[in-house]
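Presented below is the structure to which this report refers.
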Amino acid sequence: MSLTMEEQAKQVSVGSVNKVPMVKYTNVMKSFGDLEVLHGIDLEMQAGEKIALIGPSGSGKTTIGRMLMTLEEPTSGTIEVEGEHLWHVEKKGRLVRASEAHLHQMRTKIGMVFQHFNLFPHMKVLGNVTEAPRKVLGLSKEEANDRAIEMLRKVGLADKLDVYPAKLSGGQKQRVAIARALVMRPKVMVFDEVTSALDPELVGEVLAVIKEIAEEGEMAMMLITHEMDFAREVADRVIFGAEGHIVEQGPPEQIFENPQSERLQSFLKRIR
Amino acid sequence: MWDWDYALSILPRLLGALKVTLYATFWGFLLASVFGLLLAVLGRSRVKAIRMAVFGFVEFIRSTPLLVQLFFLFYSIPLLFGFSMTAFMTGVIGLGLHYSTYMSEVYRSGIDGVEKGQWEAARALNFSKARTWTSVVLPQALPPILPIMGNYLIVMFKETPLLAAITVVELLTTAKNINSMDWRPFEPYTIIGLLFLVISLLVSLLVGIMEKHLGKRHTR
C-alpha cells in the first residue's frame, strides 16, 4: 500500500499534533509550608479532552487545577500547555522561573470557573462578562457585547444583562461565571467544584450547561468534582486522586464499574 | 463684653482667612488621598525593598509630630536643598504627607476587605496588575471607606491652625493679628471657633448621608 507524499505528510502532521498534549504535568509537587499536598503528579490532557478529577477532600485535586490557572505555583516539576512551559522559560538549556509577561501570554489559553463564582459584585451581569474581552483582549464595546450576549444566551441568562449578581440565585451566578470564562475562548478550562457551593436544587441547571459545552467538543475541560454521575456522563477519562497521588485513572466505565485499587473501591463504596 | 458691632466688623477679614484654611484643607486632603493610595498599593508590592521603604516612611512620619515636620519642611528644606516654597505650599505638603500615612491605613482596610476570590477571578481572566486594581479591587475597596475618609477630612481641617506656626495667614493667625492690633481676644477667637464648629458639623452631616446612601447600594 503506497501513500502519496501529501498523504504521508498529512499523516505525519496529524500524528505530531496528537503527540503534543494540551496540558502535561511532569513530576509536579506542591507544598504549603511544611505540608506537601501533591507528591509528584504526572498527568496529560489531550486537546479537547474532558477529564474528571475525583477523590476525597484534601486529595489535592483543586491544587492541580489552580496550578494550571497560575493561581498556585508548583514547588517543583513542570507544567506544559501545548508543549510550552507554563511556569518556566528555557535559558541556556536550563529552566528558570518565567516572568509575569510569560504567564500573561500563557493564560490566554486557560480559563477557570470557581466554586464560589467570584463574580464582580460591582458590575452588572453584562459588565462581568464584557470587562475582560474589552480590557484584556481589547475588543470594542460592540464586539464585546455581541460575544458576551452570545455566551449568556448559551447559559440561558440573556434576559439578566442589567442585573447585579446579588440579585441572582447561586445557580444563575455560576452560569454567569461560566459565560465570563467562556467569552475569553480558552483552549482548556478548569471547573473547580463548581456545584459544591450550590443548593441541591440548583446543581442540575449548572451541570446541564457544562454538559452542553462539553458536547460542543473543542475545548479541553478539567472537571474537579464530587458529582460522580456527572463525571461519568461528561468525562472521557476519570482520574482518581488521594493523598496527593494519582491512584487510578481510566475511562469512566472502568473507574466506576471495575475499580482496581482498594483505595478507589472503598472511596466509591463510601460515596454511594 | 461681647460687642456685636465689633464682631461684625472683623468678620470679613476672618472669612477671607477661612478661604485660606479651606484651600489648605482641600489641597492637603487631595495630596493625602492620592499619596496615601500610592502607599497602600506599594505596601502590597511583591518586592520586599519597596514594602520596607513604605513601612519605614509611614512609621517615621507617624512617630514625629506634624508641627515638627512643618518646621522641618519650612526652615530646613531651603537650607538643605537650596530651594524654598511658599508657606502655604509647605503647609499643604506637610499636611498631605502626614495624613497620607493615616489614609494609607484606611485604604489598606478597604483593600483587605476585598475577597481573595476577586483577585483570583481577575487573574483567571488575565487582567494585568494595573487593570486588577482599577477594574476589580478599588471599585470594591473604596465605597466602604469613604465615611472614614470623610472623618479624616474633618480631623485634618481642625489641624490647619498648626500652619500658623509657619506663617500661613489662615484663621488662627488672622485672629491673633486682630487681637494684637485691637487688644480684643474674645470676639476673634470665638468666631473662628464657631467657624470650625459649623464647617465640621456640615461635613460630618454629609458623611452621615453618604454612609446611609452606601448602605443602600446593591448589597451582596
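Chain labels A, B, ... are given in the sequence in which chains occur in the C-alpha cells; within each chain residues are numbered consecutively from 1, and ligands are likewise numbered from 1 in the order shown.
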
What are the closest atom pairs, with distances in Å to one decimal, for all residues of chain B lying within 8 Å of chain A? Consider only C-alpha atoms, order rows by chain and residue number, and present the result as JSON lines.
{"residue": "B:Gly117", "atom": "CA", "partner": "A:Asn118", "partner_atom": "CA", "distance": 5.4}
{"residue": "B:Gln118", "atom": "CA", "partner": "A:Asn118", "partner_atom": "CA", "distance": 5.7}
{"residue": "B:Glu120", "atom": "CA", "partner": "A:Leu71", "partner_atom": "CA", "distance": 6.8}
{"residue": "B:Ala121", "atom": "CA", "partner": "A:Asn118", "partner_atom": "CA", "distance": 6.1}
{"residue": "B:Arg123", "atom": "CA", "partner": "A:Leu71", "partner_atom": "CA", "distance": 7.6}
{"residue": "B:Ala124", "atom": "CA", "partner": "A:Gly111", "partner_atom": "CA", "distance": 6.0}
{"residue": "B:Leu125", "atom": "CA", "partner": "A:Ala132", "partner_atom": "CA", "distance": 6.1}
{"residue": "B:Asn126", "atom": "CA", "partner": "A:Arg107", "partner_atom": "CA", "distance": 6.3}
{"residue": "B:Phe127", "atom": "CA", "partner": "A:Val136", "partner_atom": "CA", "distance": 6.0}
{"residue": "B:Ser128", "atom": "CA", "partner": "A:Val136", "partner_atom": "CA", "distance": 7.8}
{"residue": "B:Arg131", "atom": "CA", "partner": "A:Lys135", "partner_atom": "CA", "distance": 7.7}
{"residue": "B:Val136", "atom": "CA", "partner": "A:Phe120", "partner_atom": "CA", "distance": 7.0}
{"residue": "B:Pro139", "atom": "CA", "partner": "A:His122", "partner_atom": "CA", "distance": 7.1}
{"residue": "B:Gln140", "atom": "CA", "partner": "A:His122", "partner_atom": "CA", "distance": 6.8}
{"residue": "B:His218", "atom": "CA", "partner": "A:Ala166", "partner_atom": "CA", "distance": 7.1}
{"residue": "B:Thr219", "atom": "CA", "partner": "A:Ala166", "partner_atom": "CA", "distance": 6.5}
{"residue": "B:Arg220", "atom": "CA", "partner": "A:Ala166", "partner_atom": "CA", "distance": 4.8}

Selection above as a file: C-alpha atoms, as a PDB file, in the first residue's frame:
ATOM      1  CA  GLY B 117     -11.575  35.229  45.118  1.00  0.00           C
ATOM      2  CA  GLN B 118     -11.858  38.602  43.403  1.00  0.00           C
ATOM      3  CA  GLU B 120      -8.169  35.182  41.613  1.00  0.00           C
ATOM      4  CA  ALA B 121     -11.011  35.830  39.192  1.00  0.00           C
ATOM      5  CA  ARG B 123      -6.035  36.654  37.347  1.00  0.00           C
ATOM      6  CA  ALA B 124      -8.032  33.887  35.709  1.00  0.00           C
ATOM      7  CA  LEU B 125      -9.423  36.466  33.272  1.00  0.00           C
ATOM      8  CA  ASN B 126      -5.854  37.588  32.595  1.00  0.00           C
ATOM      9  CA  PHE B 127      -6.202  41.150  33.870  1.00  0.00           C
ATOM     10  CA  SER B 128      -2.906  42.978  34.238  1.00  0.00           C
ATOM     11  CA  ARG B 131      -6.239  46.561  35.491  1.00  0.00           C
ATOM     12  CA  VAL B 136     -11.800  44.965  40.325  1.00  0.00           C
ATOM     13  CA  PRO B 139     -14.177  49.884  42.959  1.00  0.00           C
ATOM     14  CA  GLN B 140     -14.949  47.468  45.799  1.00  0.00           C
ATOM     15  CA  HIS B 218     -26.571  46.903  45.732  1.00  0.00           C
ATOM     16  CA  THR B 219     -25.971  44.665  48.696  1.00  0.00           C
ATOM     17  CA  ARG B 220     -24.101  41.497  48.020  1.00  0.00           C
TER      18      ARG B 220
END

Next item on the list: Would you list the contacts of Ala53 (chain B) as a list in words, taking every protein, DNA or RNA residue within 12 Å and counting only C-alpha atoms, but skipping same-chain residues closer than 5 positions in sequence?
Entry: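 Once the adjacent positions are removed, what remains is Leu39, Leu42, Gly43, Arg44, Ser45, Val47, Lys48, Val58, Glu59 and Phe60 of chain B.
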
Would you save the residues of that selection, restricted to C-alpha atoms, as a JSON list (two decimals), in the first residue's frame?
[["chain", "number", "residue", "atom", "x", "y", "z"],
["B", 39, "LEU", "CA", 1.47, 53.98, 49.85],
["B", 42, "LEU", "CA", 3.12, 49.93, 47.14],
["B", 43, "GLY", "CA", 2.81, 48.47, 50.62],
["B", 44, "ARG", "CA", 1.50, 45.31, 48.95],
["B", 45, "SER", "CA", 4.30, 45.11, 46.41],
["B", 47, "VAL", "CA", 9.33, 43.44, 46.13],
["B", 48, "LYS", "CA", 10.40, 43.39, 49.73],
["B", 58, "VAL", "CA", 4.89, 55.50, 57.35],
["B", 59, "GLU", "CA", 6.43, 54.74, 60.74],
["B", 60, "PHE", "CA", 8.77, 57.71, 60.52]]

Check: Leaving out region 101-113 of chain B and any residue of its chain fewer than 6 positions from it, which residues lie within 8 Å of it when counting only C-alpha atoms, given as a PyMOL selection string?
Finding: chain B and resi 32-33+35-40+58+61-62+137-138+140-142+144-145+148-149+152

Suppose we keep C-alpha atoms; can you now write the selection as a PDB file, in the first residue's frame?
ATOM      1  CA  ALA B  32      -3.084  62.792  51.345  1.00  0.00           C
ATOM      2  CA  SER B  33      -5.688  60.808  49.377  1.00  0.00           C
ATOM      3  CA  PHE B  35      -0.275  59.682  48.137  1.00  0.00           C
ATOM      4  CA  GLY B  36      -1.982  57.509  50.741  1.00  0.00           C
ATOM      5  CA  LEU B  37      -3.382  55.290  47.986  1.00  0.00           C
ATOM      6  CA  LEU B  38       0.071  55.032  46.475  1.00  0.00           C
ATOM      7  CA  LEU B  39       1.468  53.980  49.849  1.00  0.00           C
ATOM      8  CA  ALA B  40      -1.276  51.397  50.299  1.00  0.00           C
ATOM      9  CA  VAL B  58       4.887  55.504  57.349  1.00  0.00           C
ATOM     10  CA  ILE B  61       6.019  60.177  59.649  1.00  0.00           C
ATOM     11  CA  ARG B  62       3.644  58.855  62.269  1.00  0.00           C
ATOM     12  CA  VAL B 137     -10.170  45.908  43.617  1.00  0.00           C
ATOM     13  CA  LEU B 138     -10.534  49.664  44.052  1.00  0.00           C
ATOM     14  CA  GLN B 140     -14.949  47.468  45.799  1.00  0.00           C
ATOM     15  CA  ALA B 141     -12.419  48.762  48.322  1.00  0.00           C
ATOM     16  CA  LEU B 142     -13.278  52.466  48.168  1.00  0.00           C
ATOM     17  CA  PRO B 144     -16.934  51.225  52.291  1.00  0.00           C
ATOM     18  CA  ILE B 145     -14.112  53.514  53.448  1.00  0.00           C
ATOM     19  CA  ILE B 148     -13.750  57.056  57.322  1.00  0.00           C
ATOM     20  CA  MET B 149     -12.007  59.247  54.780  1.00  0.00           C
ATOM     21  CA  TYR B 152     -10.101  62.269  58.395  1.00  0.00           C
TER      22      TYR B 152
END

Check: Got a sec: who's within 10 Å of Ser31 (chain A), counting only C-alpha atoms, leaving out chain neighbours fewer than 3 positions off, as number ranges by chain?
Finding: A: 34-39, 73-76

Notebook entry, point to check: What is the distance, in Å and to one decimal place, between CA of Lys19 (chain B) and CA of Glu170 (chain B)?
Noted result: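 We find that CA of Lys19 (chain B) and CA of Glu170 (chain B) lie 7.9 Å from each other.
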
Checklist line | region 124-205 of chain A: residues DSSP assigns to strand (DSSP E or B), reported as a PyMOL selection string | finding: chain A and resi 188-192

So that I can check the surroundings of region 196-202 of chain A, please list as a PDB file with C-alpha atoms, in the first residue's frame every protein, DNA and RNA residue that reaches within 9 Å of it, counting only C-alpha atoms and ignoring chain neighbours fewer than 5 positions away.
ATOM      1  CA  GLN A 115     -16.520  27.058  43.473  1.00  0.00           C
ATOM      2  CA  HIS A 116     -17.637  30.408  44.897  1.00  0.00           C
ATOM      3  CA  PHE A 117     -18.317  32.047  41.489  1.00  0.00           C
ATOM      4  CA  SER A 169     -29.582  32.722  42.544  1.00  0.00           C
ATOM      5  CA  GLY A 170     -26.459  30.656  43.114  1.00  0.00           C
ATOM      6  CA  GLY A 171     -27.101  28.620  40.002  1.00  0.00           C
ATOM      7  CA  GLN A 172     -27.546  31.750  37.922  1.00  0.00           C
ATOM      8  CA  GLN A 174     -22.400  30.196  38.429  1.00  0.00           C
ATOM      9  CA  THR A 225     -15.977  17.371  41.036  1.00  0.00           C
ATOM     10  CA  HIS A 226     -17.821  15.412  43.672  1.00  0.00           C
ATOM     11  CA  GLU A 227     -20.699  14.674  41.276  1.00  0.00           C
TER      12      GLU A 227
END

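One finds CA of Glu143 (chain A) at 25.5 Å from CA of Glu215 (chain A).
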
Margin query: For Phe71 (chain B), find every residue with an atom within 10 Å (counting only C-alpha atoms), except residues of its own chain fewer than 5 positions away, and show them as a PyMOL selection string.
Written below: chain B and resi 66+76-77+90-91+94+163+165-166

Note to self: Excluding Ile154 (chain B) and its own-chain neighbours fewer than 4 positions away, which residues fall within 12 Å of it when counting only C-alpha atoms? Please give them as a PyMOL selection string.
What the structure shows: chain B and resi 22+25-26+28-29+99+147-150+158-160+196-207

Can you spit out the residues from that selection as a compact mmCIF listing (two decimals), in the first residue's frame, using C-alpha atoms?
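Output (result_33.txt):
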# COMPACT_ATOMS: atom_id res chain seq x y z
CA LEU B 22 -10.31 75.71 53.31
CA THR B 25 -7.55 71.59 53.75
CA PHE B 26 -8.66 70.81 50.22
CA GLY B 28 -3.76 68.81 51.72
CA PHE B 29 -6.55 66.25 51.67
CA TYR B 99 -2.20 62.40 56.68
CA PRO B 147 -17.06 57.70 55.53
CA ILE B 148 -13.75 57.06 57.32
CA MET B 149 -12.01 59.25 54.78
CA GLY B 150 -14.60 61.92 55.47
CA LYS B 158 -9.19 71.10 62.53
CA GLU B 159 -5.40 70.68 62.40
CA THR B 160 -4.86 73.52 59.93
CA PHE B 196 -14.57 75.46 62.72
CA LEU B 197 -17.60 74.07 64.53
CA VAL B 198 -20.09 74.89 61.78
CA ILE B 199 -17.97 73.52 58.97
CA SER B 200 -17.02 70.36 60.85
CA LEU B 201 -20.68 69.73 61.61
CA LEU B 202 -21.64 70.30 58.00
CA VAL B 203 -19.04 67.86 56.72
CA SER B 204 -19.96 65.22 59.27
CA LEU B 205 -23.58 65.62 58.24
CA LEU B 206 -22.55 64.96 54.64
CA VAL B 207 -20.52 61.94 55.73

Next item on the list: Enumerate the residues of region 44-203 of chain A with a DSSP assignment of helix (DSSP H, G or I), computed from the backbone, and present them as number ranges by chain.
Entry: A: 61-68, 100-107, 125-135, 141-154, 158-160, 165-167, 170-182, 200-203

Checklist line | Which residue of B:Val41, B:Phe88, B:Leu67, B:Leu14 approaches Thr167 (chain B) most closely, using only C-alpha atoms | finding: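 Selected residue with least distance to Thr167 (chain B): B:Phe88.
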
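Proximity ranking of A:Ile224, A:Val155, A:Leu95, A:Val238 relative to Val190 (chain A) places A:Ile224 first, based on only C-alpha atoms.
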